[in-house]
Amino acid sequence: MKRTVTPKLAAYAVLTALGLLAALVAGRPELALIAAPFGVVLAAGLAGAREPELRLALELERERVLEGDEVTLEVDLHARRGASRLEVLVELPPEFELRSGPGRVALHLSTGEERQLELRLRCGRWGGYSFGDVHLRASDAFGLLAWEQTIEHRLQLRVYPRPEALRELVRPLETQVSTGNRVSRQKGEGLEFADLRPFAGGDRIRLINWRASARRNELWVNEHYAERNADVIVFLDSFAEARRSGEGTLDQAIRAAASLSERYLAQRDRVGLVNFGGVLNWLRPGTGPLQLYRIVEALLNTEVVLSYAWKQIDILPPRTLPPKSLILALSPLLDERATSALLDLRSRGFDLVIVEISPEPFVEEPPGVSGALAVRLWKLRREARRREYERAGAPVAQWRQGEPLTAVLEGVSAFRRHARARA
Amino acid sequence: MGAAALAALAAGLALGPSLVPAGVAGLGACWGVSAWSRGVVPGGTIAAAAAIFVTAELAYHSLDQVAAVDEGELLARRLAALALMGVGALALSALLLAALGLKTGGGLVLEAVGVAAAVGVLALVFALARDERETER
């Protein structure tokens, strides 16, 4: 531990010296009397000061929590040589809120004593956190000398995004060849009735529709729609975000991406991830719980990184965006690179759905007439951009902070149904 | 003068420890001037010594609470220690006062001892400060 001299020691030494000198100069011993207790404390403190020997261990109750959950952090202190006053400060990430327990406390530790401090933390924001540095400052009985030490710990805590409630998902227009839970447009093995056709050699007996066969005096068989899975790519725009009072569009996008991935994977679809931003990440489509973990882990590392490099969709590896896949784009539509890439995807024939994480609740309107005019122009420009996507055949659904995502997705599904009906 | 000393002490408590010694020294000086002008009362000297010392201790105790608040057990221990130190200061002052017999002219030997003590304390401060700089390096 690093030894330091406290301001009190210097002050007491100065007061003692000053009292003694004043007594000498003025020839009045009473002034020396006033200084005497300071001198005695100084001498006793310096003579009796011993460096404390401390051991410290930190333990987290869990390594994985959901956003908004609480977790207990235990700080175990053991003194081989005690400290009259020990200040303990546990360094926490700013996203964590201390609900109970001492984040910063001064206590007494006798030699051989063990103490346990319990800190209850609320994890306010998703992400992967590495924290746990503890600052210790021990002082002697008179507070004249101090010993400081920072003990570095690397506790790992994964805070997963809070799931959004979803009743309905956007149905992909096309399915793939693997078996799944979606009714395909192609006929094949399945449960959903598709059509009737005359019996042909090789047809199974159980497919014969006896009622239709009796009416037509020849054998007719039922045809079914095949049950297939679909490829869904979650396209996350992390070029820019709008943020205000601890909440931002990226937080909403991450929650939506995690919830959508979980729900599509539960329906046996293949889900992939494209994190299109200053740092480009992607995950090829896959199925199962392992893929969900991969996606969530990739989402936890997402951050908005400032970059001026112009990026197009060509830089993605070819198999990242399989043909006939549904691309669910989560974007605040703030960066030209992302908005151009989305139009590019649609022009390549991908089934594109854009969930616009509305930045408007996070924007503070500038004062004055010109400020209001600027905001109005900005909104009009965004509206024009939406129309451009809709003309290209990609529905844009606005998702505002506080609104349920499921309502937004239902709006998208309705748009797609009407678009098909018109076609 | 007393008001200035109290103001310095209050400023020290509000802004940081650097002004506390000035406040305590000011209180001591205030008492010294008062005693010189009105005449020294032995009981008053003892009480003033203990009161100024306890004031300084309380001021540093308050400043300690800025960094981290004392737990209940530690607070009780410190208050008990402060009470003991206050009684100790009273006893020490009484003892020294009795030893001095309130004689103002102590002679050359006593003054030499006083000068040596003052210089010793200052040397201690410089030594500690130098030691501190070396530790930081």
# chains A, B, ... in the order shown; residues from 1 in each chain; ligands from 1
>>> interface_residues(of="chain A", to="chain B", cutoff="7 Å", atoms="only C-alpha atoms", output="list of chain:residue names")
A:Thr4, A:Val5, A:Pro7, A:Lys8, A:Ala10, A:Ala11, A:Ala13, A:Leu15, A:Ala17, A:Leu20, A:Leu21, A:Leu24, A:Gly27, A:Arg28, A:Pro29, A:Glu30, A:Leu31, A:Leu33, A:Ile34, A:Pro37, A:Phe38, A:Glu87, A:Arg104, A:Val105, A:Ala106, A:Leu107, A:His108
>>> residues_around(residues="Arg120 in chain A", least_positions_apart="3", cutoff="9 Å", atoms="only C-alpha atoms", output="list in words")
Glu70, Val71, Thr72, Leu73, Glu74, Glu97, Leu98, Arg99, Ser100 and Gly101 of chain A
>>> write_last_selection(atoms="N, CA and C atoms", output="short mmCIF file (atom, residue, chain, number, x, y, z; two decimals), in the first residue's frame")
data_model
loop_
_atom_site.label_atom_id
_atom_site.label_comp_id
_atom_site.auth_asym_id
_atom_site.auth_seq_id
_atom_site.Cartn_x
_atom_site.Cartn_y
_atom_site.Cartn_z
N GLU A 70 -31.85 -6.79 -10.62
CA GLU A 70 -30.92 -6.44 -9.54
C GLU A 70 -29.99 -7.62 -9.28
N VAL A 71 -28.77 -7.30 -8.90
CA VAL A 71 -27.78 -8.33 -8.62
C VAL A 71 -26.99 -7.91 -7.37
N THR A 72 -26.57 -8.91 -6.59
CA THR A 72 -25.85 -8.61 -5.35
C THR A 72 -24.35 -8.78 -5.56
N LEU A 73 -23.60 -7.80 -5.11
CA LEU A 73 -22.14 -7.87 -5.16
C LEU A 73 -21.65 -7.95 -3.71
N GLU A 74 -20.89 -9.01 -3.43
CA GLU A 74 -20.36 -9.19 -2.07
C GLU A 74 -18.90 -8.79 -2.03
N GLU A 97 -27.01 1.27 -10.91
CA GLU A 97 -27.56 2.10 -9.83
C GLU A 97 -27.44 1.31 -8.53
N LEU A 98 -26.89 1.96 -7.52
CA LEU A 98 -26.74 1.30 -6.22
C LEU A 98 -28.07 1.37 -5.49
N ARG A 99 -28.74 0.23 -5.32
CA ARG A 99 -30.06 0.24 -4.68
C ARG A 99 -29.94 0.17 -3.16
N SER A 100 -29.02 -0.63 -2.68
CA SER A 100 -28.80 -0.68 -1.23
C SER A 100 -27.37 -1.12 -0.98
N GLY A 101 -26.88 -0.82 0.22
CA GLY A 101 -25.51 -1.17 0.56
C GLY A 101 -24.59 0.00 0.35
#
>>> residues_around(residues="range 156-163 of chain A", least_positions_apart="3", cutoff="6 Å", atoms="only C-alpha atoms", output="PyMOL selection string")
chain A and resi 63-67+126-130+255+259
>>> write_last_selection(atoms="C-alpha atoms", output="mmCIF file, in the first residue's frame")
data_model
loop_
_atom_site.group_PDB
_atom_site.id
_atom_site.type_symbol
_atom_site.label_atom_id
_atom_site.label_comp_id
_atom_site.auth_asym_id
_atom_site.auth_seq_id
_atom_site.Cartn_x
_atom_site.Cartn_y
_atom_site.Cartn_z
ATOM 1 C CA GLU A 63 -22.949 -13.530 -14.261
ATOM 2 C CA ARG A 64 -25.965 -12.926 -16.499
ATOM 3 C CA VAL A 65 -28.933 -10.710 -15.788
ATOM 4 C CA LEU A 66 -31.684 -9.003 -17.672
ATOM 5 C CA GLU A 67 -31.749 -5.256 -18.129
ATOM 6 C CA TRP A 126 -27.795 -3.754 -21.597
ATOM 7 C CA GLY A 127 -24.166 -4.535 -22.350
ATOM 8 C CA GLY A 128 -21.132 -6.527 -21.350
ATOM 9 C CA TYR A 129 -19.511 -5.055 -18.278
ATOM 10 C CA SER A 130 -16.124 -5.627 -16.731
ATOM 11 C CA ARG A 255 -34.114 -4.782 -27.408
ATOM 12 C CA SER A 259 -36.710 -10.140 -28.971
#
>>> residues_around(residues="Ser110 in chain A", least_positions_apart="4", cutoff="9 Å", atoms="only C-alpha atoms", output="MDAnalysis selection string")
chainID A and resid 79:84 114
>>> residues_around(residues="Tyr308 in chain A", least_positions_apart="6", cutoff="10 Å", atoms="only C-alpha atoms", output="PDB file with N, CA and C atoms, in the first residue's frame")
ATOM      1  N   PHE A 239     -24.925   3.201 -37.277  1.00  0.00           N
ATOM      2  CA  PHE A 239     -24.096   4.336 -37.701  1.00  0.00           C
ATOM      3  C   PHE A 239     -24.299   5.533 -36.770  1.00  0.00           C
ATOM      4  N   GLY A 278     -20.358   1.920 -37.917  1.00  0.00           N
ATOM      5  CA  GLY A 278     -18.946   2.276 -37.945  1.00  0.00           C
ATOM      6  C   GLY A 278     -18.074   1.037 -37.885  1.00  0.00           C
ATOM      7  N   ARG A 337     -25.670   6.534 -45.168  1.00  0.00           N
ATOM      8  CA  ARG A 337     -25.092   5.259 -45.600  1.00  0.00           C
ATOM      9  C   ARG A 337     -26.061   4.108 -45.355  1.00  0.00           C
TER      10      ARG A 337
END
>>> atom_distance(atom1="CA of Arg55 in chain A", atom2="CA of Leu42 in chain A")
28.7 Å
>>> select_by_dssp(residues="range 182-331 of chain A", states="helix (DSSP H, G or I)", output="PyMOL selection string")
chain A and resi 205-207+210-216+249-266+288-300+313-315+318-320
>>> write_last_selection(atoms="C-alpha atoms", output="mmCIF file, in the first residue's frame")
data_model
loop_
_atom_site.group_PDB
_atom_site.id
_atom_site.type_symbol
_atom_site.label_atom_id
_atom_site.label_comp_id
_atom_site.auth_asym_id
_atom_site.auth_seq_id
_atom_site.Cartn_x
_atom_site.Cartn_y
_atom_site.Cartn_z
ATOM 1 C CA ILE A 205 -53.862 -44.022 -49.975
ATOM 2 C CA ARG A 206 -54.278 -41.750 -46.951
ATOM 3 C CA LEU A 207 -54.187 -38.690 -49.231
ATOM 4 C CA TRP A 210 -63.108 -40.022 -50.395
ATOM 5 C CA ARG A 211 -65.942 -37.495 -50.458
ATOM 6 C CA ALA A 212 -64.596 -35.728 -53.581
ATOM 7 C CA SER A 213 -63.802 -39.101 -55.190
ATOM 8 C CA ALA A 214 -67.392 -40.306 -54.580
ATOM 9 C CA ARG A 215 -68.839 -37.186 -56.237
ATOM 10 C CA ARG A 216 -66.590 -37.485 -59.314
ATOM 11 C CA THR A 249 -32.650 4.731 -30.347
ATOM 12 C CA LEU A 250 -29.866 2.136 -30.195
ATOM 13 C CA ASP A 251 -31.232 0.786 -26.891
ATOM 14 C CA GLN A 252 -34.637 0.306 -28.476
ATOM 15 C CA ALA A 253 -33.088 -1.313 -31.535
ATOM 16 C CA ILE A 254 -31.049 -3.752 -29.450
ATOM 17 C CA ARG A 255 -34.114 -4.782 -27.408
ATOM 18 C CA ALA A 256 -36.128 -5.268 -30.567
ATOM 19 C CA ALA A 257 -33.343 -7.231 -32.279
ATOM 20 C CA ALA A 258 -32.959 -9.607 -29.326
ATOM 21 C CA SER A 259 -36.710 -10.140 -28.971
ATOM 22 C CA LEU A 260 -37.275 -10.688 -32.698
ATOM 23 C CA SER A 261 -34.351 -13.113 -32.944
ATOM 24 C CA GLU A 262 -35.669 -15.126 -30.020
ATOM 25 C CA ARG A 263 -39.189 -15.340 -31.461
ATOM 26 C CA TYR A 264 -38.121 -16.253 -34.996
ATOM 27 C CA LEU A 265 -35.699 -18.870 -33.678
ATOM 28 C CA ALA A 266 -38.496 -20.321 -31.548
ATOM 29 C CA GLY A 288 -31.384 -23.101 -32.304
ATOM 30 C CA PRO A 289 -30.541 -21.741 -28.867
ATOM 31 C CA LEU A 290 -26.829 -21.521 -29.669
ATOM 32 C CA GLN A 291 -27.575 -19.075 -32.486
ATOM 33 C CA LEU A 292 -29.659 -17.015 -30.054
ATOM 34 C CA TYR A 293 -26.702 -16.799 -27.675
ATOM 35 C CA ARG A 294 -24.421 -15.821 -30.553
ATOM 36 C CA ILE A 295 -26.801 -13.080 -31.635
ATOM 37 C CA VAL A 296 -27.310 -11.696 -28.138
ATOM 38 C CA GLU A 297 -23.573 -11.718 -27.447
ATOM 39 C CA ALA A 298 -22.991 -9.859 -30.721
ATOM 40 C CA LEU A 299 -25.689 -7.362 -29.789
ATOM 41 C CA LEU A 300 -24.119 -6.708 -26.370
ATOM 42 C CA ILE A 313 -23.980 -3.402 -48.886
ATOM 43 C CA ASP A 314 -21.358 -4.954 -51.211
ATOM 44 C CA ILE A 315 -18.878 -5.214 -48.364
ATOM 45 C CA PRO A 318 -22.190 -13.196 -49.985
ATOM 46 C CA ARG A 319 -23.757 -15.836 -47.728
ATOM 47 C CA THR A 320 -24.669 -13.315 -45.044
#
>>> select_by_dssp(residues="range 121-166 of chain A", states="strand (DSSP E)", output="compact mmCIF listing (two decimals) with N, CA and C atoms, in the first residue's frame")
# COMPACT_ATOMS: atom_id res chain seq x y z
N LEU A 121 -27.16 -4.00 -6.71
CA LEU A 121 -27.01 -3.14 -7.89
C LEU A 121 -28.16 -3.38 -8.86
N ARG A 122 -28.60 -2.30 -9.47
CA ARG A 122 -29.62 -2.41 -10.53
C ARG A 122 -28.93 -2.11 -11.86
N CYS A 123 -29.05 -3.05 -12.78
CA CYS A 123 -28.36 -2.91 -14.06
C CYS A 123 -29.29 -2.14 -15.00
N GLY A 127 -25.58 -4.63 -21.97
CA GLY A 127 -24.17 -4.54 -22.35
C GLY A 127 -23.33 -5.56 -21.61
N GLY A 128 -22.09 -5.67 -22.03
CA GLY A 128 -21.13 -6.53 -21.35
C GLY A 128 -20.25 -5.65 -20.48
N TYR A 129 -20.23 -5.93 -19.21
CA TYR A 129 -19.51 -5.05 -18.28
C TYR A 129 -18.36 -5.81 -17.62
N SER A 130 -17.27 -5.11 -17.47
CA SER A 130 -16.12 -5.63 -16.73
C SER A 130 -15.79 -4.57 -15.69
N PHE A 131 -15.97 -4.89 -14.45
CA PHE A 131 -15.80 -3.85 -13.42
C PHE A 131 -15.36 -4.52 -12.11
N VAL A 134 -11.57 -1.76 -6.61
CA VAL A 134 -11.90 -1.30 -5.26
C VAL A 134 -10.76 -0.41 -4.77
N HIS A 135 -11.12 0.77 -4.32
CA HIS A 135 -10.14 1.70 -3.77
C HIS A 135 -10.20 1.61 -2.25
N LEU A 136 -9.05 1.35 -1.64
CA LEU A 136 -8.98 1.27 -0.18
C LEU A 136 -8.10 2.41 0.33
N ARG A 137 -8.53 2.98 1.44
CA ARG A 137 -7.72 4.04 2.06
C ARG A 137 -7.83 3.83 3.57
N ALA A 138 -6.72 3.41 4.14
CA ALA A 138 -6.72 3.15 5.58
C ALA A 138 -5.95 4.27 6.27
N SER A 139 -6.40 4.64 7.46
CA SER A 139 -5.66 5.66 8.20
C SER A 139 -5.43 5.18 9.62
N LEU A 145 -1.55 9.58 9.13
CA LEU A 145 -0.98 8.91 7.97
C LEU A 145 -2.05 8.06 7.31
N ALA A 146 -1.94 7.92 6.00
CA ALA A 146 -2.92 7.10 5.28
C ALA A 146 -2.20 6.17 4.33
N TRP A 147 -2.80 5.02 4.09
CA TRP A 147 -2.25 4.05 3.14
C TRP A 147 -3.31 3.79 2.09
N GLU A 148 -2.92 3.96 0.85
CA GLU A 148 -3.92 3.83 -0.23
C GLU A 148 -3.55 2.67 -1.15
N GLN A 149 -4.57 2.05 -1.65
CA GLN A 149 -4.36 0.93 -2.58
C GLN A 149 -5.58 0.77 -3.47
N THR A 150 -5.34 0.48 -4.73
CA THR A 150 -6.44 0.14 -5.64
C THR A 150 -6.30 -1.32 -6.03
N ILE A 151 -7.29 -2.09 -5.69
CA ILE A 151 -7.25 -3.52 -6.03
C ILE A 151 -8.11 -3.72 -7.26
N LEU A 155 -14.60 -8.36 -12.74
CA LEU A 155 -15.84 -9.14 -12.67
C LEU A 155 -16.57 -8.96 -14.00
N GLN A 156 -17.05 -10.06 -14.54
CA GLN A 156 -17.76 -9.99 -15.82
C GLN A 156 -19.25 -10.12 -15.56
N LEU A 157 -19.99 -9.19 -16.10
CA LEU A 157 -21.45 -9.27 -15.98
C LEU A 157 -22.07 -8.95 -17.34
N ARG A 158 -22.87 -9.89 -17.82
CA ARG A 158 -23.58 -9.69 -19.08
C ARG A 158 -25.00 -9.26 -18.76
N VAL A 159 -25.35 -8.10 -19.22
CA VAL A 159 -26.72 -7.60 -19.00
C VAL A 159 -27.46 -7.70 -20.33
N TYR A 160 -28.40 -8.63 -20.37
CA TYR A 160 -29.13 -8.85 -21.62
C TYR A 160 -30.27 -7.85 -21.75
